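Structure below is my_file.json: JSON, C-alpha atoms and all ligand atoms.
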```
[["chain", "number", "residue", "atom", "x", "y", "z"],
["A", 1, "MET", "CA", 119.73, 109.52, 144.15],
["A", 2, "ILE", "CA", 121.23, 110.89, 140.92],
["A", 3, "ALA", "CA", 118.88, 111.72, 138.05],
["A", 4, "ILE", "CA", 120.12, 111.32, 134.49],
["A", 5, "ILE", "CA", 117.91, 112.68, 131.70],
["A", 6, "THR", "CA", 118.27, 112.22, 127.96],
["A", 7, "ALA", "CA", 115.83, 113.19, 125.22],
["A", 8, "MET", "CA", 115.93, 109.94, 123.24],
["A", 9, "ASP", "CA", 116.48, 106.21, 123.76],
["A", 10, "VAL", "CA", 119.68, 106.25, 121.68],
["A", 11, "GLU", "CA", 121.12, 108.87, 124.04],
["A", 12, "LEU", "CA", 120.37, 106.76, 127.13],
["A", 13, "GLU", "CA", 121.41, 103.33, 125.80],
["A", 14, "THR", "CA", 125.08, 103.46, 126.88],
["A", 15, "LEU", "CA", 124.11, 104.58, 130.37],
["A", 16, "ARG", "CA", 121.40, 101.96, 130.77],
["A", 17, "ALA", "CA", 123.81, 99.23, 129.64],
["A", 18, "ARG", "CA", 126.22, 100.28, 132.42],
["A", 19, "MET", "CA", 123.55, 100.28, 135.14],
["A", 20, "GLU", "CA", 123.51, 97.42, 137.61],
["A", 21, "SER", "CA", 120.10, 95.64, 137.75],
["A", 22, "PRO", "CA", 118.04, 98.32, 135.99],
["A", 23, "GLN", "CA", 114.28, 98.16, 136.62],
["A", 24, "SER", "CA", 111.97, 99.75, 134.09],
["A", 25, "VAL", "CA", 109.50, 102.44, 135.22],
["A", 26, "GLU", "CA", 106.71, 103.28, 132.78],
["A", 27, "LYS", "CA", 103.95, 105.61, 133.89],
["A", 28, "PRO", "CA", 102.22, 108.69, 132.52],
["A", 29, "GLY", "CA", 104.90, 111.30, 131.87],
["A", 30, "LEU", "CA", 107.81, 109.10, 132.90],
["A", 31, "SER", "CA", 109.79, 106.51, 130.99],
["A", 32, "ALA", "CA", 112.85, 105.56, 133.03],
["A", 33, "TRP", "CA", 115.17, 102.98, 134.52],
["A", 34, "ILE", "CA", 115.98, 102.78, 138.22],
["A", 35, "GLY", "CA", 119.08, 100.99, 139.44],
["A", 36, "THR", "CA", 122.64, 101.81, 140.35],
["A", 37, "LEU", "CA", 125.53, 103.20, 138.35],
["A", 38, "ALA", "CA", 129.03, 102.83, 139.80],
["A", 39, "GLY", "CA", 127.34, 102.12, 143.14],
["A", 40, "HIS", "CA", 125.14, 105.25, 143.09],
["A", 41, "PRO", "CA", 121.34, 104.96, 143.14],
["A", 42, "VAL", "CA", 120.24, 106.37, 139.78],
["A", 43, "ILE", "CA", 117.05, 107.15, 137.90],
["A", 44, "ALA", "CA", 117.80, 107.40, 134.17],
["A", 45, "ALA", "CA", 114.94, 108.81, 132.10],
["A", 46, "VAL", "CA", 114.15, 109.44, 128.43],
["A", 47, "CYS", "CA", 112.18, 112.68, 128.44],
["A", 48, "GLY", "CA", 111.27, 112.99, 124.76],
["A", 49, "VAL", "CA", 112.14, 115.79, 122.35],
["A", 50, "GLY", "CA", 111.60, 119.48, 123.02],
["A", 51, "LYS", "CA", 111.30, 121.91, 125.91],
["A", 52, "VAL", "CA", 107.92, 120.86, 127.29],
["A", 53, "CYS", "CA", 108.84, 117.16, 127.43],
["A", 54, "ALA", "CA", 112.14, 118.02, 129.11],
["A", 55, "ALA", "CA", 110.56, 120.33, 131.69],
["A", 56, "GLN", "CA", 107.69, 117.98, 132.51],
["A", 57, "CYS", "CA", 109.99, 114.98, 132.98],
["A", 58, "THR", "CA", 112.53, 116.91, 135.04],
["A", 59, "GLN", "CA", 109.85, 118.26, 137.39],
["A", 60, "GLN", "CA", 108.22, 114.85, 137.77],
["A", 61, "ILE", "CA", 111.55, 113.23, 138.67],
["A", 62, "ILE", "CA", 112.39, 115.98, 141.16],
["A", 63, "SER", "CA", 108.95, 115.83, 142.79],
["A", 64, "GLU", "CA", 108.76, 112.03, 143.00],
["A", 65, "TYR", "CA", 112.39, 110.93, 143.48],
["A", 66, "HIS", "CA", 114.07, 113.96, 145.12],
["A", 67, "PRO", "CA", 117.45, 113.57, 143.33],
["A", 68, "SER", "CA", 120.45, 115.34, 144.87],
["A", 69, "LEU", "CA", 121.67, 116.29, 141.38],
["A", 70, "VAL", "CA", 120.56, 116.11, 137.75],
["A", 71, "LEU", "CA", 122.80, 115.24, 134.79],
["A", 72, "HIS", "CA", 121.71, 115.67, 131.18],
["A", 73, "SER", "CA", 123.42, 114.16, 128.16],
["A", 74, "GLY", "CA", 122.91, 113.91, 124.42],
["A", 75, "VAL", "CA", 123.84, 115.22, 121.00],
["A", 76, "GLY", "CA", 123.69, 118.79, 119.73],
["A", 77, "GLY", "CA", 124.40, 120.96, 116.72],
["A", 78, "ALA", "CA", 127.54, 123.10, 116.56],
["A", 79, "ALA", "CA", 126.84, 126.82, 116.84],
["A", 80, "SER", "CA", 130.47, 127.78, 116.58],
["A", 81, "PRO", "CA", 132.84, 127.47, 113.62],
["A", 82, "LYS", "CA", 135.45, 126.15, 116.11],
["A", 83, "LEU", "CA", 133.46, 122.96, 116.69],
["A", 84, "ASN", "CA", 133.39, 119.80, 114.64],
["A", 85, "HIS", "CA", 131.53, 116.49, 114.59],
["A", 86, "LEU", "CA", 131.94, 114.51, 117.84],
["A", 87, "ASP", "CA", 133.44, 117.41, 119.82],
["A", 88, "LEU", "CA", 132.13, 117.63, 123.38],
["A", 89, "VAL", "CA", 130.41, 120.73, 124.77],
["A", 90, "VAL", "CA", 129.95, 121.22, 128.51],
["A", 91, "ALA", "CA", 127.36, 123.85, 129.47],
["A", 92, "ARG", "CA", 128.57, 126.78, 131.53],
["A", 93, "GLU", "CA", 125.09, 128.23, 131.14],
["A", 94, "LEU", "CA", 121.99, 127.57, 129.07],
["A", 95, "THR", "CA", 119.34, 129.80, 127.60],
["A", 96, "TYR", "CA", 116.39, 129.68, 125.23],
["A", 97, "ARG", "CA", 117.01, 130.61, 121.60],
["A", 98, "ASP", "CA", 113.31, 131.02, 120.76],
["A", 99, "MET", "CA", 112.36, 133.70, 123.28],
["A", 100, "THR", "CA", 113.46, 137.31, 123.03],
["A", 101, "ASP", "CA", 115.91, 138.70, 125.59],
["A", 102, "ARG", "CA", 113.39, 141.32, 126.69],
["A", 103, "VAL", "CA", 110.80, 138.66, 127.56],
["A", 104, "LYS", "CA", 113.41, 136.45, 129.22],
["A", 105, "ARG", "CA", 114.76, 139.27, 131.36],
["A", 106, "GLY", "CA", 111.33, 140.55, 132.28],
["A", 107, "CYS", "CA", 109.41, 137.33, 132.79],
["A", 108, "LEU", "CA", 111.65, 134.34, 133.51],
["A", 109, "PRO", "CA", 113.44, 133.35, 136.71],
["A", 110, "PHE", "CA", 117.20, 134.00, 136.53],
["A", 111, "GLY", "CA", 116.51, 136.24, 133.53],
["A", 112, "GLY", "CA", 116.17, 133.06, 131.47],
["A", 113, "VAL", "CA", 119.88, 132.17, 131.79],
["A", 114, "PHE", "CA", 120.56, 129.08, 133.89],
["A", 115, "THR", "CA", 124.07, 128.46, 135.21],
["A", 116, "ALA", "CA", 125.27, 124.89, 135.66],
["A", 117, "ASP", "CA", 126.74, 123.76, 138.96],
["A", 118, "PRO", "CA", 130.42, 124.81, 138.92],
["A", 119, "SER", "CA", 131.71, 121.71, 140.80],
["A", 120, "LEU", "CA", 129.90, 119.24, 138.55],
["A", 121, "THR", "CA", 131.00, 121.21, 135.49],
["A", 122, "ALA", "CA", 134.61, 121.14, 136.73],
["A", 123, "LEU", "CA", 134.34, 117.38, 137.20],
["A", 124, "LEU", "CA", 133.14, 117.00, 133.60],
["A", 125, "LEU", "CA", 136.07, 119.09, 132.37],
["A", 126, "ASP", "CA", 138.52, 117.10, 134.51],
["A", 127, "GLN", "CA", 137.37, 113.95, 132.72],
["A", 128, "ALA", "CA", 137.35, 115.61, 129.28],
["A", 129, "PRO", "CA", 139.84, 118.50, 129.24],
["A", 130, "GLU", "CA", 139.39, 118.76, 125.47],
["A", 131, "ALA", "CA", 135.68, 119.60, 125.89],
["A", 132, "HIS", "CA", 134.49, 123.13, 125.05],
["A", 133, "LEU", "CA", 132.89, 125.09, 127.90],
["A", 134, "GLY", "CA", 130.23, 127.65, 126.99],
["A", 135, "CYS", "CA", 126.61, 128.55, 126.37],
["A", 136, "ILE", "CA", 124.10, 125.99, 125.10],
["A", 137, "ALA", "CA", 121.05, 127.48, 123.37],
["A", 138, "THR", "CA", 117.81, 125.48, 123.50],
["A", 139, "GLY", "CA", 114.73, 125.78, 121.30],
["A", 140, "ASP", "CA", 111.94, 123.74, 119.78],
["A", 141, "LEU", "CA", 113.24, 124.02, 116.22],
["A", 142, "PHE", "CA", 116.00, 121.85, 114.78],
["A", 143, "VAL", "CA", 118.64, 124.27, 113.43],
["A", 144, "GLU", "CA", 119.55, 123.39, 109.86],
["A", 145, "SER", "CA", 120.56, 126.57, 108.09],
["A", 146, "GLN", "CA", 123.69, 128.70, 108.14],
["A", 147, "GLU", "CA", 121.47, 131.77, 108.59],
["A", 148, "GLU", "CA", 119.78, 130.52, 111.78],
["A", 149, "LYS", "CA", 123.10, 129.19, 113.09],
["A", 150, "GLU", "CA", 124.65, 132.65, 112.64],
["A", 151, "ARG", "CA", 121.69, 134.28, 114.39],
["A", 152, "VAL", "CA", 122.16, 131.98, 117.41],
["A", 153, "ILE", "CA", 125.88, 132.79, 117.53],
["A", 154, "ARG", "CA", 125.20, 136.52, 117.21],
["A", 155, "ASP", "CA", 122.32, 136.68, 119.70],
["A", 156, "TYR", "CA", 123.56, 134.26, 122.38],
["A", 157, "GLY", "CA", 127.24, 133.59, 121.76],
["A", 158, "ALA", "CA", 126.26, 129.92, 121.98],
["A", 159, "LEU", "CA", 128.58, 127.00, 121.20],
["A", 160, "CYS", "CA", 125.85, 124.43, 120.78],
["A", 161, "VAL", "CA", 122.16, 124.20, 119.89],
["A", 162, "GLU", "CA", 119.80, 121.51, 121.08],
["A", 163, "MET", "CA", 116.18, 121.15, 122.14],
["A", 164, "GLU", "CA", 115.98, 120.29, 125.86],
["A", 165, "GLY", "CA", 118.92, 121.51, 127.96],
["A", 166, "ALA", "CA", 117.69, 124.94, 129.06],
["A", 167, "ALA", "CA", 114.33, 123.46, 130.04],
["A", 168, "VAL", "CA", 116.03, 120.83, 132.24],
["A", 169, "ALA", "CA", 118.26, 123.58, 133.65],
["A", 170, "HIS", "CA", 115.31, 125.94, 134.23],
["A", 171, "VAL", "CA", 113.40, 123.35, 136.27],
["A", 172, "CYS", "CA", 116.52, 122.37, 138.25],
["A", 173, "ALA", "CA", 117.30, 126.02, 139.00],
["A", 174, "VAL", "CA", 113.77, 126.73, 140.22],
["A", 175, "ASN", "CA", 113.95, 123.64, 142.48],
["A", 176, "GLN", "CA", 117.51, 124.52, 143.62],
["A", 177, "ILE", "CA", 118.92, 121.19, 142.41],
["A", 178, "PRO", "CA", 122.53, 121.25, 141.11],
["A", 179, "PHE", "CA", 122.79, 120.21, 137.47],
["A", 180, "ALA", "CA", 125.36, 119.66, 134.73],
["A", 181, "ILE", "CA", 124.84, 119.20, 131.02],
["A", 182, "VAL", "CA", 127.00, 117.73, 128.27],
["A", 183, "ARG", "CA", 126.34, 117.44, 124.55],
["A", 184, "CYS", "CA", 128.38, 115.83, 121.79],
["A", 185, "ILE", "CA", 128.26, 117.46, 118.36],
["A", 186, "SER", "CA", 126.29, 115.38, 115.83],
["A", 187, "ASP", "CA", 126.05, 118.08, 113.13],
["A", 188, "LEU", "CA", 127.07, 121.61, 112.26],
["A", 189, "ALA", "CA", 123.51, 123.05, 112.44],
["A", 190, "ASP", "CA", 123.77, 124.07, 108.77],
["A", 191, "GLY", "CA", 122.23, 122.85, 105.51],
["A", 192, "SER", "CA", 123.79, 119.39, 106.01],
["A", 193, "ALA", "CA", 122.56, 119.07, 109.59],
["A", 194, "TYR", "CA", 119.86, 116.46, 109.16],
["A", 195, "GLY", "CA", 122.05, 114.03, 107.20],
["A", 196, "ASP", "CA", 124.98, 114.53, 109.57],
["A", 197, "TYR", "CA", 122.70, 114.10, 112.54],
["A", 198, "LYS", "CA", 121.55, 110.69, 111.26],
["A", 199, "GLN", "CA", 125.16, 109.67, 110.67],
["A", 200, "PHE", "CA", 126.54, 110.80, 114.04],
["A", 201, "GLU", "CA", 123.65, 110.52, 116.51],
["A", 202, "LYS", "CA", 124.67, 107.08, 117.82],
["A", 203, "LEU", "CA", 128.41, 107.78, 118.16],
["A", 204, "GLY", "CA", 127.72, 111.21, 119.64],
["A", 205, "SER", "CA", 125.20, 109.81, 122.10],
["A", 206, "GLU", "CA", 127.72, 107.19, 123.23],
["A", 207, "LYS", "CA", 130.52, 109.70, 123.64],
["A", 208, "SER", "CA", 128.39, 112.07, 125.70],
["A", 209, "ALA", "CA", 127.00, 109.23, 127.85],
["A", 210, "ASN", "CA", 130.49, 107.80, 128.43],
["A", 211, "LEU", "CA", 131.66, 111.13, 129.81],
["A", 212, "LEU", "CA", 128.65, 111.26, 132.12],
["A", 213, "CYS", "CA", 129.44, 107.72, 133.36],
["A", 214, "GLN", "CA", 133.04, 108.75, 134.11],
["A", 215, "VAL", "CA", 131.74, 111.66, 136.19],
["A", 216, "VAL", "CA", 129.31, 109.47, 138.13],
["A", 217, "GLU", "CA", 132.22, 107.11, 138.90],
["A", 218, "LYS", "CA", 134.11, 110.06, 140.42],
["A", 219, "LEU", "CA", 131.27, 111.21, 142.67],
["A", 220, "PRO", "CA", 131.64, 110.27, 146.33],
["A", 221, "LEU", "CA", 129.39, 107.40, 147.43],
["A", 301, "LIG", "N1", 120.31, 118.34, 118.20],
["A", 301, "LIG", "C1", 121.28, 117.84, 117.42],
["A", 301, "LIG", "N2", 121.49, 118.65, 116.35],
["A", 301, "LIG", "C2", 120.62, 119.67, 116.47],
["A", 301, "LIG", "C3", 120.35, 120.82, 115.69],
["A", 301, "LIG", "N3", 121.02, 121.06, 114.56],
["A", 301, "LIG", "N4", 119.37, 121.66, 116.10],
["A", 301, "LIG", "C4", 118.69, 121.41, 117.25],
["A", 301, "LIG", "N5", 118.90, 120.34, 118.02],
["A", 301, "LIG", "C5", 119.86, 119.48, 117.64]]
```
Let me see the structure of the file written as structure tokens.
Ligand code: ADE
Amino acid sequence: MIAIITAMDVELETLRARMESPQSVEKPGLSAWIGTLAGHPVIAAVCGVGKVCAAQCTQQIISEYHPSLVLHSGVGGAASPKLNHLDLVVARELTYRDMTDRVKRGCLPFGGVFTADPSLTALLLDQAPEAHLGCIATGDLFVESQEEKERVIRDYGALCVEMEGAAVAHVCAVNQIPFAIVRCISDLADGSAYGDYKQFEKLGSEKSANLLCQVVEKLPL
């Protein structure tokens, strides 16, 4: 089974619409659809916003459904001046942007840097050669100032900021489940971020989910 995780309903909608005979699963800690996508058995879940929701949902799916791989899709803020609205970012690695490096290195598995599966990542880039490959930095705060954006670039060399990816990646890495993560830029993580986010969240969600669908279609049955 393939697990697909998004933070919000709008980010899952395109994927759910493509699923064949989706059945809803609603139970404590899990809001998901089970069905098939391009012939693959799939569980597609909306985890909610932030690191704890993402980690809890990912672990519950892994423990109960034993997926062979986990894919994560959604929108994100640009943490690089090279990126613009609706550009795609594929994670090479993910880290937390609200924990110091010293604590990460000393206390977290993998030093708090979680590397995506190279084959799945290559498949994403095959389908979207224009996508940017790099670091995604996750934290519980929405980034909406030039100052904080510059800090994230300086401290992590990140291309994209969002609020769930590293937590999904962390749980996958601990469970030794291959994962890949894609985000589409909804805003530039600056003073205009919230307005831009509202304007681009639907289109960005669709674009990211469409790329994920293309990758699932390419996976061997
Ligand atoms: N997701 C989309 N835009 C974001 C931003 N600017 N900060 C954090 N998460 C986001």
Within-9 Å residues of ligand LIG 301 (chain A), basis all atoms listed in the file, as an mmCIF file with C-alpha atoms, keeping the file's coordinate frame:
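Saved result, pocket.cif, follows:
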```
data_model
loop_
_atom_site.group_PDB
_atom_site.id
_atom_site.type_symbol
_atom_site.label_atom_id
_atom_site.label_comp_id
_atom_site.auth_asym_id
_atom_site.auth_seq_id
_atom_site.Cartn_x
_atom_site.Cartn_y
_atom_site.Cartn_z
ATOM 1 C CA GLY A 50 111.600 119.480 123.020
ATOM 2 C CA GLY A 74 122.910 113.910 124.420
ATOM 3 C CA VAL A 75 123.840 115.220 121.000
ATOM 4 C CA GLY A 76 123.690 118.790 119.730
ATOM 5 C CA GLY A 77 124.400 120.960 116.720
ATOM 6 C CA ALA A 78 127.540 123.100 116.560
ATOM 7 C CA ALA A 79 126.840 126.820 116.840
ATOM 8 C CA ALA A 137 121.050 127.480 123.370
ATOM 9 C CA THR A 138 117.810 125.480 123.500
ATOM 10 C CA GLY A 139 114.730 125.780 121.300
ATOM 11 C CA ASP A 140 111.940 123.740 119.780
ATOM 12 C CA LEU A 141 113.240 124.020 116.220
ATOM 13 C CA PHE A 142 116.000 121.850 114.780
ATOM 14 C CA VAL A 143 118.640 124.270 113.430
ATOM 15 C CA GLU A 144 119.550 123.390 109.860
ATOM 16 C CA SER A 145 120.560 126.570 108.090
ATOM 17 C CA LYS A 149 123.100 129.190 113.090
ATOM 18 C CA CYS A 160 125.850 124.430 120.780
ATOM 19 C CA VAL A 161 122.160 124.200 119.890
ATOM 20 C CA GLU A 162 119.800 121.510 121.080
ATOM 21 C CA MET A 163 116.180 121.150 122.140
ATOM 22 C CA GLU A 164 115.980 120.290 125.860
ATOM 23 C CA ARG A 183 126.340 117.440 124.550
ATOM 24 C CA CYS A 184 128.380 115.830 121.790
ATOM 25 C CA ILE A 185 128.260 117.460 118.360
ATOM 26 C CA SER A 186 126.290 115.380 115.830
ATOM 27 C CA ASP A 187 126.050 118.080 113.130
ATOM 28 C CA LEU A 188 127.070 121.610 112.260
ATOM 29 C CA ALA A 189 123.510 123.050 112.440
ATOM 30 C CA ASP A 190 123.770 124.070 108.770
ATOM 31 C CA ALA A 193 122.560 119.070 109.590
ATOM 32 C CA TYR A 194 119.860 116.460 109.160
ATOM 33 C CA ASP A 196 124.980 114.530 109.570
ATOM 34 C CA TYR A 197 122.700 114.100 112.540
ATOM 35 C CA GLU A 201 123.650 110.520 116.510
#
```
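Between CA of Pro67 (chain A) and CA of His40 (chain A) the separation is 11.3 Å.
Of note, CA of Ser80 (chain A) and CA of Ile153 (chain A) are spaced 6.9 Å apart.
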Using only C-alpha atoms, determine which residues lie at most 8 Å from Val171 (chain A), disregarding the query and same-chain residues fewer than 2 positions distant; provide the list as a short mmCIF file (atom, residue, chain, number, x, y, z; two decimals) with C-alpha atoms, in the frame of the given file.
```cif
data_model
loop_
_atom_site.label_atom_id
_atom_site.label_comp_id
_atom_site.auth_asym_id
_atom_site.auth_seq_id
_atom_site.Cartn_x
_atom_site.Cartn_y
_atom_site.Cartn_z
CA ALA A 55 110.56 120.33 131.69
CA THR A 58 112.53 116.91 135.04
CA GLN A 59 109.85 118.26 137.39
CA ALA A 167 114.33 123.46 130.04
CA VAL A 168 116.03 120.83 132.24
CA ALA A 169 118.26 123.58 133.65
CA ALA A 173 117.30 126.02 139.00
CA VAL A 174 113.77 126.73 140.22
CA ASN A 175 113.95 123.64 142.48
#
```
Got a sec: who's within 8 Å of Thr95 (chain A), counting all atoms listed in the file, leaving out chain neighbours fewer than 4 positions off, as an NGL selection string?
-> :A and (112-114 or 135-138 or 166)
Tell me, as an NGL selection string, which residues lie within 7 Å of Gly35 (chain A), counting only C-alpha atoms; anything in the same chain fewer than 4 positions away does not count.
-> :A and (19-23 or 41-43)
Please, what distance in Å, to one decimal, runs between CA of Asp155 (chain A) and CA of Leu203 (chain A)?
-> 29.6 Å
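Minimum atom-to-atom distances from A:Pro109, A:Leu124, A:Pro178, A:Asp98 to Val152 (chain A) were compared using only C-alpha atoms, and the lowest value belongs to A:Asp98.
Shortest atom-to-atom contact with Gly134 (chain A) among A:Lys198, A:Arg92, A:His66, A:Arg154: A:Arg92, counting all atoms listed in the file.
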From the list A:Leu83, A:Val46, A:Leu108, A:Ala91, the nearest residue to Gly29 (chain A) using only C-alpha atoms is A:Val46
Protein, DNA and RNA residues within 9 Å of (136.4, 117.4, 127.1), all atoms listed in the file, as a ChimeraX atom specification = /A:87-90,124-133,211
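Of the listed residues (A:Gly157, A:Gly165, A:Gly111, A:Gly204), A:Gly204 comes nearest to His85 (chain A); the distances count all atoms listed in the file.
Proximity to Gly48 (chain A) was assessed for A:Cys213, A:Val70, A:Leu86, A:Ala7 counting all atoms listed in the file; the smallest distance is recorded for A:Ala7.
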